[in-house]
Every structure is written in structure tokens, then in C-alpha cells.
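File shown here: coords-v4.cif, holding mmCIF, C-alpha atoms and all ligand atoms.
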```
data_protein
#
loop_
_atom_site.label_atom_id
_atom_site.label_comp_id
_atom_site.auth_asym_id
_atom_site.auth_seq_id
_atom_site.Cartn_x
_atom_site.Cartn_y
_atom_site.Cartn_z
CA MET S 22 18.68 18.79 2.43
CA ASP S 23 18.24 22.33 3.57
CA CYS S 24 14.58 22.32 4.56
CA TRP S 25 15.19 21.81 8.30
CA ASN S 26 18.34 22.17 10.39
CA SER S 27 17.63 19.89 13.32
CA SER S 28 15.01 17.81 15.10
CA SER S 29 14.36 20.62 17.57
CA VAL S 30 13.47 23.02 14.74
CA ILE S 31 11.02 20.46 13.34
CA LYS S 32 9.49 19.86 16.78
CA LYS S 33 9.05 23.56 17.30
CA HIS S 34 7.34 23.83 13.92
CA VAL S 35 4.95 21.00 14.86
CA PHE S 36 4.13 22.37 18.32
CA ASP S 37 3.70 25.96 17.10
CA SER S 38 1.54 24.89 14.17
CA LEU S 39 -0.73 22.70 16.29
CA ARG S 40 -1.14 25.56 18.76
CA LYS S 41 -1.90 27.97 15.92
CA MET S 42 -4.58 25.63 14.58
CA ASP S 43 -5.76 25.01 18.12
CA MET S 44 -5.85 21.27 17.54
CA THR S 45 -4.69 18.05 19.11
CA PRO S 46 -3.51 15.35 16.69
CA SER S 47 -6.18 12.81 15.83
CA ARG S 48 -5.31 9.18 16.47
CA HIS S 49 -8.17 8.16 14.26
CA LYS S 50 -6.54 9.97 11.32
CA GLY S 51 -3.08 8.60 12.11
CA GLN S 52 -1.66 12.01 12.87
CA ASN S 53 1.82 11.18 14.10
CA PHE S 54 4.22 13.74 12.74
CA LEU S 55 7.78 12.85 11.90
CA VAL S 56 10.01 15.08 14.01
CA ASP S 57 13.33 13.23 13.64
CA TYR S 58 15.67 15.19 11.44
CA HIS S 59 17.85 12.18 10.62
CA ILE S 60 14.95 10.00 9.55
CA LEU S 61 13.42 12.77 7.46
CA HIS S 62 16.79 13.36 5.87
CA TYR S 63 17.22 9.66 5.17
CA GLN S 64 13.80 9.34 3.59
CA VAL S 65 14.34 12.30 1.28
CA GLU S 66 17.81 11.08 0.36
CA GLN S 67 16.48 7.65 -0.61
CA ALA S 68 13.95 9.29 -2.91
CA GLU S 69 16.66 10.91 -5.07
CA ILE S 70 14.19 13.47 -6.33
CA ASN S 71 15.16 15.42 -9.42
CA GLN S 72 13.66 18.16 -11.53
CA LYS S 73 11.80 15.66 -13.69
CA ASP S 74 9.94 14.10 -10.79
CA ILE S 75 6.25 14.44 -10.13
CA VAL S 76 6.01 13.55 -6.48
CA LEU S 77 2.93 12.37 -4.63
CA GLU S 78 2.73 12.71 -0.86
CA ILE S 79 -0.14 11.04 0.95
CA GLY S 80 -1.01 12.74 4.23
CA GLY S 81 0.84 16.05 4.20
CA GLY S 82 0.01 16.92 7.82
CA ILE S 83 1.93 20.00 8.91
CA GLY S 84 4.26 19.89 5.94
CA ASN S 85 7.41 18.50 7.61
CA LEU S 86 8.16 16.24 4.71
CA SER S 87 6.31 18.28 2.08
CA LYS S 88 8.72 21.17 2.44
CA CYS S 89 11.71 18.95 1.66
CA LEU S 90 9.98 17.30 -1.29
CA ALA S 91 8.85 20.58 -2.86
CA GLN S 92 12.39 21.92 -2.97
CA ASP S 93 13.66 19.28 -5.36
CA ALA S 94 10.67 18.17 -7.43
CA LYS S 95 9.22 19.46 -10.64
CA LYS S 96 5.77 19.07 -9.15
CA LEU S 97 4.45 18.00 -5.77
CA TYR S 98 0.92 16.78 -5.11
CA ILE S 99 -0.09 16.50 -1.49
CA VAL S 100 -3.25 14.58 -0.62
CA GLU S 101 -4.65 15.43 2.81
CA THR S 102 -7.99 14.50 4.28
CA ASP S 103 -8.10 16.85 7.28
CA ARG S 104 -9.63 20.18 6.28
CA ARG S 105 -7.70 22.13 8.93
CA MET S 106 -4.42 20.77 7.66
CA VAL S 107 -5.33 21.51 4.09
CA GLY S 108 -5.86 25.14 5.08
CA PHE S 109 -2.60 25.15 6.99
CA LEU S 110 -0.65 23.55 4.14
CA GLN S 111 -2.02 26.02 1.61
CA GLU S 112 -0.50 28.82 3.60
CA PHE S 113 2.67 27.02 4.66
CA MET S 114 3.49 25.84 1.14
CA SER S 115 2.35 29.02 -0.64
CA SER S 116 5.87 30.00 -1.64
CA TYR S 117 6.23 26.77 -3.66
CA SER S 118 4.46 27.33 -6.96
CA ASN S 119 5.08 23.69 -7.95
CA THR S 120 2.89 22.37 -5.13
CA GLU S 121 -0.76 21.45 -5.35
CA ILE S 122 -2.82 20.35 -2.38
CA LEU S 123 -5.66 17.92 -2.96
CA HIS S 124 -8.28 17.74 -0.24
CA GLY S 125 -9.70 14.24 0.07
CA ASP S 126 -9.30 10.67 1.17
CA ALA S 127 -6.33 9.22 -0.70
CA VAL S 128 -8.05 5.83 -0.83
CA LYS S 129 -11.10 7.24 -2.58
CA ILE S 130 -9.95 10.06 -4.85
CA GLU S 131 -8.45 9.57 -8.27
CA LEU S 132 -4.73 9.99 -7.80
CA PRO S 133 -2.78 12.18 -10.23
CA LYS S 134 0.00 10.68 -12.34
CA PHE S 135 3.28 10.60 -10.41
CA THR S 136 6.82 9.32 -10.81
CA LYS S 137 7.57 8.96 -7.09
CA CYS S 138 5.45 8.57 -4.01
CA ILE S 139 7.12 9.61 -0.78
CA SER S 140 4.95 9.41 2.31
CA ASN S 141 4.66 8.76 5.99
CA LEU S 142 1.42 6.92 5.57
CA PRO S 143 -1.45 7.21 8.00
CA TYR S 144 -1.31 3.63 9.22
CA GLN S 145 -5.03 2.90 9.14
CA ILE S 146 -5.05 3.12 5.33
CA SER S 147 -1.91 1.01 4.80
CA SER S 148 -3.64 -1.88 3.14
CA PRO S 149 -6.07 -0.14 0.71
CA ILE S 150 -3.57 2.55 -0.26
CA THR S 151 -0.85 -0.01 -0.99
CA PHE S 152 -3.15 -2.02 -3.27
CA LYS S 153 -4.17 1.23 -4.92
CA LEU S 154 -0.60 2.45 -5.45
CA LEU S 155 0.36 -0.91 -6.94
CA GLU S 156 -2.18 -0.30 -9.68
CA HIS S 157 -0.35 2.84 -10.77
CA ASP S 158 2.76 3.10 -12.90
CA PHE S 159 5.55 4.79 -11.02
CA GLU S 160 9.30 4.72 -10.70
CA LEU S 161 9.84 4.59 -6.96
CA ALA S 162 7.98 4.77 -3.68
CA ILE S 163 9.63 5.42 -0.32
CA LEU S 164 6.99 4.72 2.27
CA MET S 165 6.76 4.57 6.03
CA TYR S 166 4.49 1.88 7.46
CA GLN S 167 3.76 0.33 10.79
CA ARG S 168 6.51 -2.29 11.10
CA GLU S 169 4.16 -5.28 11.42
CA PHE S 170 2.45 -4.30 8.19
CA ALA S 171 5.69 -3.78 6.25
CA GLN S 172 6.87 -7.23 7.36
CA ARG S 173 4.05 -8.80 5.37
CA PHE S 174 5.71 -7.66 2.15
CA PHE S 175 8.64 -9.92 2.93
CA ALA S 176 6.79 -12.88 4.42
CA SER S 177 7.59 -16.35 3.07
CA PRO S 178 4.90 -18.80 2.05
CA GLY S 179 3.75 -20.93 4.97
CA THR S 180 4.36 -18.24 7.61
CA ARG S 181 1.66 -16.42 9.55
CA ASP S 182 2.38 -13.07 7.88
CA TYR S 183 2.06 -14.44 4.35
CA SER S 184 -1.09 -12.85 2.96
CA ARG S 185 -2.75 -11.29 -0.05
CA ILE S 186 -0.50 -8.24 0.13
CA SER S 187 2.63 -10.47 0.17
CA VAL S 188 1.51 -12.12 -3.05
CA MET S 189 0.45 -8.95 -4.86
CA MET S 190 3.54 -7.00 -3.78
CA ASN S 191 5.75 -9.81 -4.96
CA LEU S 192 3.88 -10.02 -8.26
CA LYS S 193 3.99 -6.34 -9.06
CA ALA S 194 7.04 -4.88 -7.36
CA ASN S 195 10.49 -5.24 -5.94
CA CYS S 196 10.42 -4.20 -2.34
CA ILE S 197 13.42 -3.46 -0.12
CA TYR S 198 13.34 -3.09 3.66
CA LEU S 199 15.32 0.07 4.38
CA LYS S 200 15.04 1.02 8.01
CA THR S 201 13.26 0.50 11.32
CA VAL S 202 12.08 3.73 12.96
CA LYS S 203 11.45 4.03 16.67
CA PRO S 204 8.26 5.56 18.13
CA SER S 205 10.12 8.57 19.58
CA SER S 206 10.88 9.80 16.05
CA PHE S 207 7.25 10.97 15.91
CA PHE S 208 5.06 13.36 17.80
CA PRO S 209 2.89 12.12 19.35
CA ALA S 210 4.85 8.86 19.64
CA PRO S 211 2.82 5.91 18.34
CA LYS S 212 2.73 2.66 20.33
CA VAL S 213 4.44 0.73 17.54
CA PHE S 214 7.68 0.74 15.59
CA SER S 215 7.67 1.86 11.97
CA SER S 216 9.54 0.80 8.85
CA ILE S 217 10.67 2.58 5.74
CA VAL S 218 10.51 0.52 2.56
CA SER S 219 11.41 1.21 -1.02
CA ILE S 220 9.14 -0.09 -3.78
CA THR S 221 9.87 -0.23 -7.51
CA LYS S 222 7.40 -1.65 -10.00
CA LYS S 223 8.31 -4.76 -11.99
CA GLU S 224 7.87 -4.82 -15.72
CA ASP S 225 4.60 -6.50 -16.62
CA THR S 226 6.31 -9.59 -17.94
CA LEU S 227 3.62 -12.10 -17.07
CA ASN S 228 1.21 -12.33 -19.88
CA PHE S 229 -1.99 -12.13 -17.87
CA ASN S 230 -4.56 -9.82 -16.44
CA HIS S 231 -3.46 -8.60 -13.03
CA ASP S 232 -6.91 -7.46 -11.88
CA ASP S 233 -8.32 -10.84 -12.63
CA PHE S 234 -5.48 -12.58 -10.81
CA GLY S 235 -5.96 -10.14 -7.91
CA ARG S 236 -9.60 -11.15 -7.57
CA PHE S 237 -8.63 -14.81 -7.58
CA ILE S 238 -6.06 -14.18 -4.84
CA THR S 239 -8.66 -12.30 -2.80
CA LEU S 240 -11.01 -15.27 -3.06
CA LEU S 241 -8.34 -17.73 -2.03
CA PHE S 242 -6.78 -15.76 0.80
CA THR S 243 -10.03 -15.07 2.64
CA GLN S 244 -9.72 -18.76 3.58
CA LYS S 245 -5.99 -19.02 3.49
CA LYS S 246 -5.65 -21.84 6.03
CA LYS S 247 -7.85 -24.21 4.03
CA THR S 248 -6.65 -26.53 1.29
CA VAL S 249 -6.94 -25.56 -2.34
CA ARG S 250 -9.43 -28.38 -2.84
CA SER S 251 -11.78 -27.32 -0.08
CA VAL S 252 -11.77 -23.66 -1.09
CA LEU S 253 -12.52 -24.48 -4.71
CA VAL S 254 -15.16 -27.10 -3.88
CA ASN S 255 -16.94 -24.57 -1.63
CA LEU S 256 -16.82 -22.01 -4.37
CA ILE S 257 -18.32 -24.44 -6.86
CA LYS S 258 -21.11 -25.33 -4.41
CA ARG S 259 -21.90 -21.70 -3.79
CA LYS S 260 -22.03 -21.03 -7.50
CA SER S 261 -24.41 -23.93 -8.15
CA LYS S 262 -26.95 -22.20 -5.89
CA GLN S 263 -26.82 -19.37 -8.39
CA ASN S 264 -27.32 -21.80 -11.25
CA VAL S 265 -23.74 -21.66 -12.40
CA GLN S 266 -22.89 -25.31 -12.87
CA ILE S 267 -19.20 -26.10 -12.66
CA LYS S 268 -18.27 -29.77 -12.68
CA LYS S 269 -16.08 -30.84 -9.79
CA GLU S 270 -14.11 -33.01 -12.18
CA VAL S 271 -12.37 -29.94 -13.56
CA LEU S 272 -10.46 -29.83 -10.31
CA GLU S 273 -9.03 -33.30 -10.48
CA GLU S 274 -6.17 -32.56 -12.82
CA LEU S 275 -5.12 -29.41 -11.01
CA SER S 276 -1.87 -29.33 -9.08
CA TYR S 277 -1.54 -28.47 -5.39
CA LEU S 278 -5.05 -29.62 -4.44
CA GLU S 279 -4.06 -30.82 -0.98
CA ARG S 280 -1.86 -27.83 -0.18
CA ARG S 281 -3.03 -25.04 2.09
CA ILE S 282 -3.55 -21.73 0.34
CA PHE S 283 -1.01 -19.85 2.44
CA SER S 284 1.73 -22.34 1.64
CA LEU S 285 1.69 -21.60 -2.11
CA THR S 286 4.44 -19.53 -3.70
CA LEU S 287 3.71 -16.84 -6.25
CA ASP S 288 4.78 -19.18 -9.07
CA GLU S 289 2.48 -21.91 -7.82
CA LEU S 290 -0.42 -19.48 -7.52
CA THR S 291 0.06 -18.13 -11.03
CA LYS S 292 0.27 -21.66 -12.39
CA MET S 293 -2.91 -22.67 -10.64
CA TYR S 294 -4.61 -19.52 -11.90
CA SER S 295 -3.65 -20.21 -15.51
CA ASP S 296 -4.56 -23.91 -15.32
CA LEU S 297 -7.94 -23.35 -13.75
CA LYS S 298 -8.81 -20.54 -16.11
CA ALA S 299 -7.88 -22.66 -19.13
CA LYS S 300 -9.94 -25.59 -17.88
CA LEU S 301 -13.04 -23.55 -17.14
CA GLY S 302 -13.08 -21.35 -20.20
CA GLU S 303 -13.70 -17.61 -20.12
CA GLU S 304 -17.38 -17.55 -19.23
CA LEU S 305 -17.32 -20.00 -16.33
CA TRP S 306 -14.13 -18.47 -15.07
CA LEU S 307 -15.68 -15.02 -14.88
CA ASN S 308 -18.68 -16.47 -13.10
CA MET S 309 -16.47 -18.30 -10.67
CA ILE S 310 -14.42 -15.30 -9.58
CA SER S 311 -17.21 -12.74 -9.55
CA LEU S 312 -17.20 -11.46 -5.98
CA ASN S 313 -20.91 -10.76 -5.50
CA THR S 314 -21.30 -14.13 -3.88
CA ARG S 315 -20.84 -13.44 -0.22
N1 LIG S 401 3.70 13.69 6.37
C1 LIG S 401 3.53 14.26 7.68
C2 LIG S 401 2.25 13.78 8.36
C3 LIG S 401 2.12 12.32 8.69
S1 LIG S 401 0.70 12.04 9.68
C4 LIG S 401 4.77 14.01 8.48
O1 LIG S 401 5.64 13.31 8.02
O2 LIG S 401 4.89 14.50 9.58
C5 LIG S 401 -0.43 11.40 8.50
C6 LIG S 401 -1.30 12.45 7.82
O3 LIG S 401 -2.20 11.78 6.94
C7 LIG S 401 -2.18 13.30 8.74
O4 LIG S 401 -2.01 14.64 8.42
C8 LIG S 401 -3.60 12.85 8.43
O5 LIG S 401 -4.56 13.88 8.56
C9 LIG S 401 -3.48 12.40 6.99
N2 LIG S 401 -4.48 11.39 6.58
C10 LIG S 401 -5.11 10.46 7.34
N3 LIG S 401 -5.92 9.68 6.60
C11 LIG S 401 -5.81 10.12 5.31
C12 LIG S 401 -6.42 9.74 4.08
N4 LIG S 401 -7.29 8.74 4.03
N5 LIG S 401 -6.08 10.43 2.96
C13 LIG S 401 -5.19 11.45 3.00
N6 LIG S 401 -4.60 11.86 4.14
C14 LIG S 401 -4.89 11.22 5.29
#
```
Can the structure from this file be put into C-alpha cells for me?
Amino acid sequence: MDCWNSSSVIKKHVFDSLRKMDMTPSRHKGQNFLVDYHILHYQVEQAEINQKDIVLEIGGGIGNLSKCLAQDAKKLYIVETDRRMVGFLQEFMSSYSNTEILHGDAVKIELPKFTKCISNLPYQISSPITFKLLEHDFELAILMYQREFAQRFFASPGTRDYSRISVMMNLKANCIYLKTVKPSSFFPAPKVFSSIVSITKKEDTLNFNHDDFGRFITLLFTQKKKTVRSVLVNLIKRKSKQNVQIKKEVLEELSYLERRIFSLTLDELTKMYSDLKAKLGEELWLNMISLNTR
């Protein structure tokens, strides 16, 4: 990697650039810039970018990482929400003709097609951006998260961290915990530790609709400490107020009724999903999982 020589060169770049823009980093926008040469190096190395890669970076900031990514990729898209940084990046990256800067909120805009996503994510969008990325086809993502959030990807059923993102990540991707990163690797230093993870998409081997399953998981995990029976019975009651009559008897032959939602493994959840859907039939099923109920 020959984009930066040392941490002190990166720090100088960050300080000088902030001074030039006359701005202080915004906590609200998660502006903690990676100034640790070794970590930056590691992240780029893990990405193994080649001339075929279309790379997506979410939150370009002052271009610390962008500069390294642009050198190796066929194409680099940088999404940045802060107008001042967009202006700065346009100038800073102007010598890289393969780089395009998209001004907008990465959660809201339509993302371009990409083969790899390499980002130090602004932590406040961790959850929506992860769900969004999982809906795209890509080869590899090397992402930095707040450590507590990254740990949810690896949480086992029955533990406190096991949540909707654990299930969906497990369904759609293989995720590897690569490295813990200390606060002092950033400027300004955040209060929390960070983690770099690698994500590769699984082949869509399960023969079912992932969006539909995702909605079902959302419904279940908003009450994840309750039993399967009580969540489903409540749902049926709520639906009957809207004149959607679902007989409680359909539940009786289901498995796992007395288990708590957050104790169910991915296999158990997919089985329950398929069973329930088969029992209800398409129309009732769609009525049952439609989310305009709360
Ligand atoms: N990649 C840089 C910057 C990380 S800081 C580095 O490694 O140093 C995170 C960046 O994400 C900030 O520049 C912030 O302005 C930007 N950001 C925050 N919310 C965003 C959003 N919703 N969409 C796109 N960018 C966002």
C-alpha cells in the first residue's frame, strides 16, 4: 500500500484538512477518522482489491481510506452525506479518474452495483446499512463497526445479543471477525472499541423468498423474549380486529410453540416459517405478515 507512509502523515492530513474546511468533526454524523496506518493497511490488504473490482465506500470523510481504495480498483464509488466533505473529496480525489462521489445518505439513496464494499461505517447507520447491503449481490465486504454491534453477528441463540441482525446475517452471509480496533486509532477517538469484519454472501440455496422471511423475523423479534405461541396468538388477535380471521387451531401442530423467540436457531426459524406459511395459505399468510398493523 503506497497511499500513506505512516500514522503521523495521515494525522497531519486529517488536521490540515479539517483546518482548511474550518470544521470540527460532527459526532452526530459519526465523523471519527481512521488515522492508524497499520489498521488502514490491514483493512485494505484484507480487501484484496484488483482491477476488476467496483468498490463502494460508505462515508468517505477526508479520503484517508478512499485514496488507498482508488489506487487498486477499477472503479470507486464514495457515498458521503456531508456537503463540505463532498466538496473536499472532489478536489482531493480529482487525480483519480476512476472515482465517483455520490452526495447523499447511504441508507436512502439507491446504491450502485459493486463487487466489494470497504468502509469505516458511521456507527449510527450500522443497522439499516447492514440490512441494506445484505440485499445486494457482492463478493466481499470489509467493514468497521462499533464492537458491540459487530458482536451481534456472532451471537448464539438464547444470548442477549441474539437479534434480528444475527438471524439475517447468518441466513445471507458468512461473516468472520477479523480484528478489534482501539479508540486511539481514530481522530477524534470514539468512546467505544471497534471491530473489523469480513462478509461474503452465501449462495441463495434456500428455496424461499428472503424479503418475506425478513418481514416474519422482524415481526417475531420485536417481541423476542416472548414464546412463539404468545407472539402468534397476539398477531392473530390483532388481525381479527381488521377482519382477517385466522383460526388459532392452525397453530396447534406447529413446532416450538413454547420456546422463546430468541432461543430459536436459524434452522428452527426457517422451519417454522415454512410450516406456518403452508398451513395458512398464500392469502392469509400475506395478511398475517403485513406490517401496517402497529
Ligand atoms: N472513511 C473515513 C471516514 C469515516 S467517518 C475514514 O476512514 O477516515 C464516517 C463518515 O461517514 C463521515 O465522513 C460522515 O460524514 C459520513 N456519513 C455519516 N452518515 C452518513 C450517511 N448516512 N451516508 C453517507 N455518509 C455518511
Report as CSV: every residue of chain S with an atom at most 8 Å from ligand LIG 401 (chain S), its closest pair of atoms, and their distance in Å to one decimal, counting all atoms listed in the file, with rows sorted by chain and ascending residue number.
```
residue,atom,partner,partner_atom,distance
S:Ser47,CA,S:LIG401,O5,7.5
S:His49,CA,S:LIG401,C10,7.9
S:Lys50,CA,S:LIG401,C10,4.3
S:Gly51,CA,S:LIG401,C5,5.3
S:Gln52,CA,S:LIG401,S1,4.0
S:Asn53,CA,S:LIG401,S1,4.6
S:Phe54,CA,S:LIG401,O2,3.3
S:Leu55,CA,S:LIG401,O2,4.1
S:Val56,CA,S:LIG401,O2,6.8
S:Leu61,CA,S:LIG401,O1,7.8
S:Glu78,CA,S:LIG401,N1,7.4
S:Ile79,CA,S:LIG401,C13,5.5
S:Gly80,CA,S:LIG401,O3,3.1
S:Gly81,CA,S:LIG401,N1,4.3
S:Gly82,CA,S:LIG401,O4,3.1
S:Ile83,CA,S:LIG401,C1,6.1
S:Gly84,CA,S:LIG401,C1,5.9
S:Asn85,CA,S:LIG401,O2,5.1
S:Leu86,CA,S:LIG401,O1,5.1
S:Ser87,CA,S:LIG401,N1,6.8
S:Val100,CA,S:LIG401,C13,5.2
S:Glu101,CA,S:LIG401,N6,3.8
S:Thr102,CA,S:LIG401,N6,4.3
S:Asp103,CA,S:LIG401,O5,4.8
S:Met106,CA,S:LIG401,O4,6.6
S:His124,CA,S:LIG401,C13,7.7
S:Gly125,CA,S:LIG401,N5,6.0
S:Asp126,CA,S:LIG401,N5,3.7
S:Ala127,CA,S:LIG401,N5,3.9
S:Val128,CA,S:LIG401,N4,5.7
S:Lys129,CA,S:LIG401,N4,7.8
S:Ser140,CA,S:LIG401,N1,6.0
S:Asn141,CA,S:LIG401,N1,5.0
S:Leu142,CA,S:LIG401,C5,5.7
S:Pro143,CA,S:LIG401,C5,4.3
S:Tyr144,CA,S:LIG401,C5,7.9
S:Gln145,CA,S:LIG401,N3,7.3
S:Ile146,CA,S:LIG401,N4,6.2
S:Phe207,CA,S:LIG401,O2,7.6
```
Would you list the residues near (-15.7, -22.3, -3.3), meaning any protein, DNA or RNA residue with an atom at most 10 Å from that point in file coordinates, counting all atoms listed in the file, as a short mmCIF file (atom, residue, chain, number, x, y, z; two decimals) with C-alpha atoms, in the coordinates of the input?
```cif
data_model
loop_
_atom_site.label_atom_id
_atom_site.label_comp_id
_atom_site.auth_asym_id
_atom_site.auth_seq_id
_atom_site.Cartn_x
_atom_site.Cartn_y
_atom_site.Cartn_z
CA LEU S 240 -11.01 -15.27 -3.06
CA LEU S 241 -8.34 -17.73 -2.03
CA GLN S 244 -9.72 -18.76 3.58
CA VAL S 249 -6.94 -25.56 -2.34
CA ARG S 250 -9.43 -28.38 -2.84
CA SER S 251 -11.78 -27.32 -0.08
CA VAL S 252 -11.77 -23.66 -1.09
CA LEU S 253 -12.52 -24.48 -4.71
CA VAL S 254 -15.16 -27.10 -3.88
CA ASN S 255 -16.94 -24.57 -1.63
CA LEU S 256 -16.82 -22.01 -4.37
CA ILE S 257 -18.32 -24.44 -6.86
CA LYS S 258 -21.11 -25.33 -4.41
CA ARG S 259 -21.90 -21.70 -3.79
CA LYS S 260 -22.03 -21.03 -7.50
CA MET S 309 -16.47 -18.30 -10.67
CA ILE S 310 -14.42 -15.30 -9.58
CA THR S 314 -21.30 -14.13 -3.88
#
```
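Straight-line separation from atom CA of Lys223 of chain S to atom CA of Leu154 of chain S: 13.2 Å.
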Sorted per-residue table, segment 80-172 of chain S near segment 66-70 of chain S, closest atoms and distance, 7 Å, all atoms listed in the file, as a tab-separated table:
```
residue	atom	partner	partner_atom	distance
S:Asp93	CA	S:Ile70	CA	5.9
S:Ala94	CA	S:Ile70	CA	6.0
S:Ile163	CA	S:Ala68	CA	6.4
```
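When all atoms listed in the file are used to compute distances to Leu97 of chain S, the closest of the residues S:Ser206, S:Thr120, S:Ser115, S:Gln266 turns out to be S:Thr120.
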### Query
Between atom CA of Phe242 of chain S and atom CA of Ser177 of chain S, what is the spacing in Å?
14.6 Å
### Query
Separation of atom CA of Lys73 of chain S and atom CA of Phe135 of chain S, in Å?
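These two atoms are separated by 10.4 Å.
Ranking S:Leu297, S:Leu132, S:Ala194, S:Val202 by their shortest atom-to-atom distance to Arg168 of chain S, with only C-alpha atoms included, puts S:Val202 first.
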### Message
For a quick check of understanding, using all atoms listed in the file, which of S:Ile217, S:Ile75, S:Met190, S:Met114 has the smallest distance to Ser148 of chain S?
### Response
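The closest residue to Ser148 of chain S is S:Met190.
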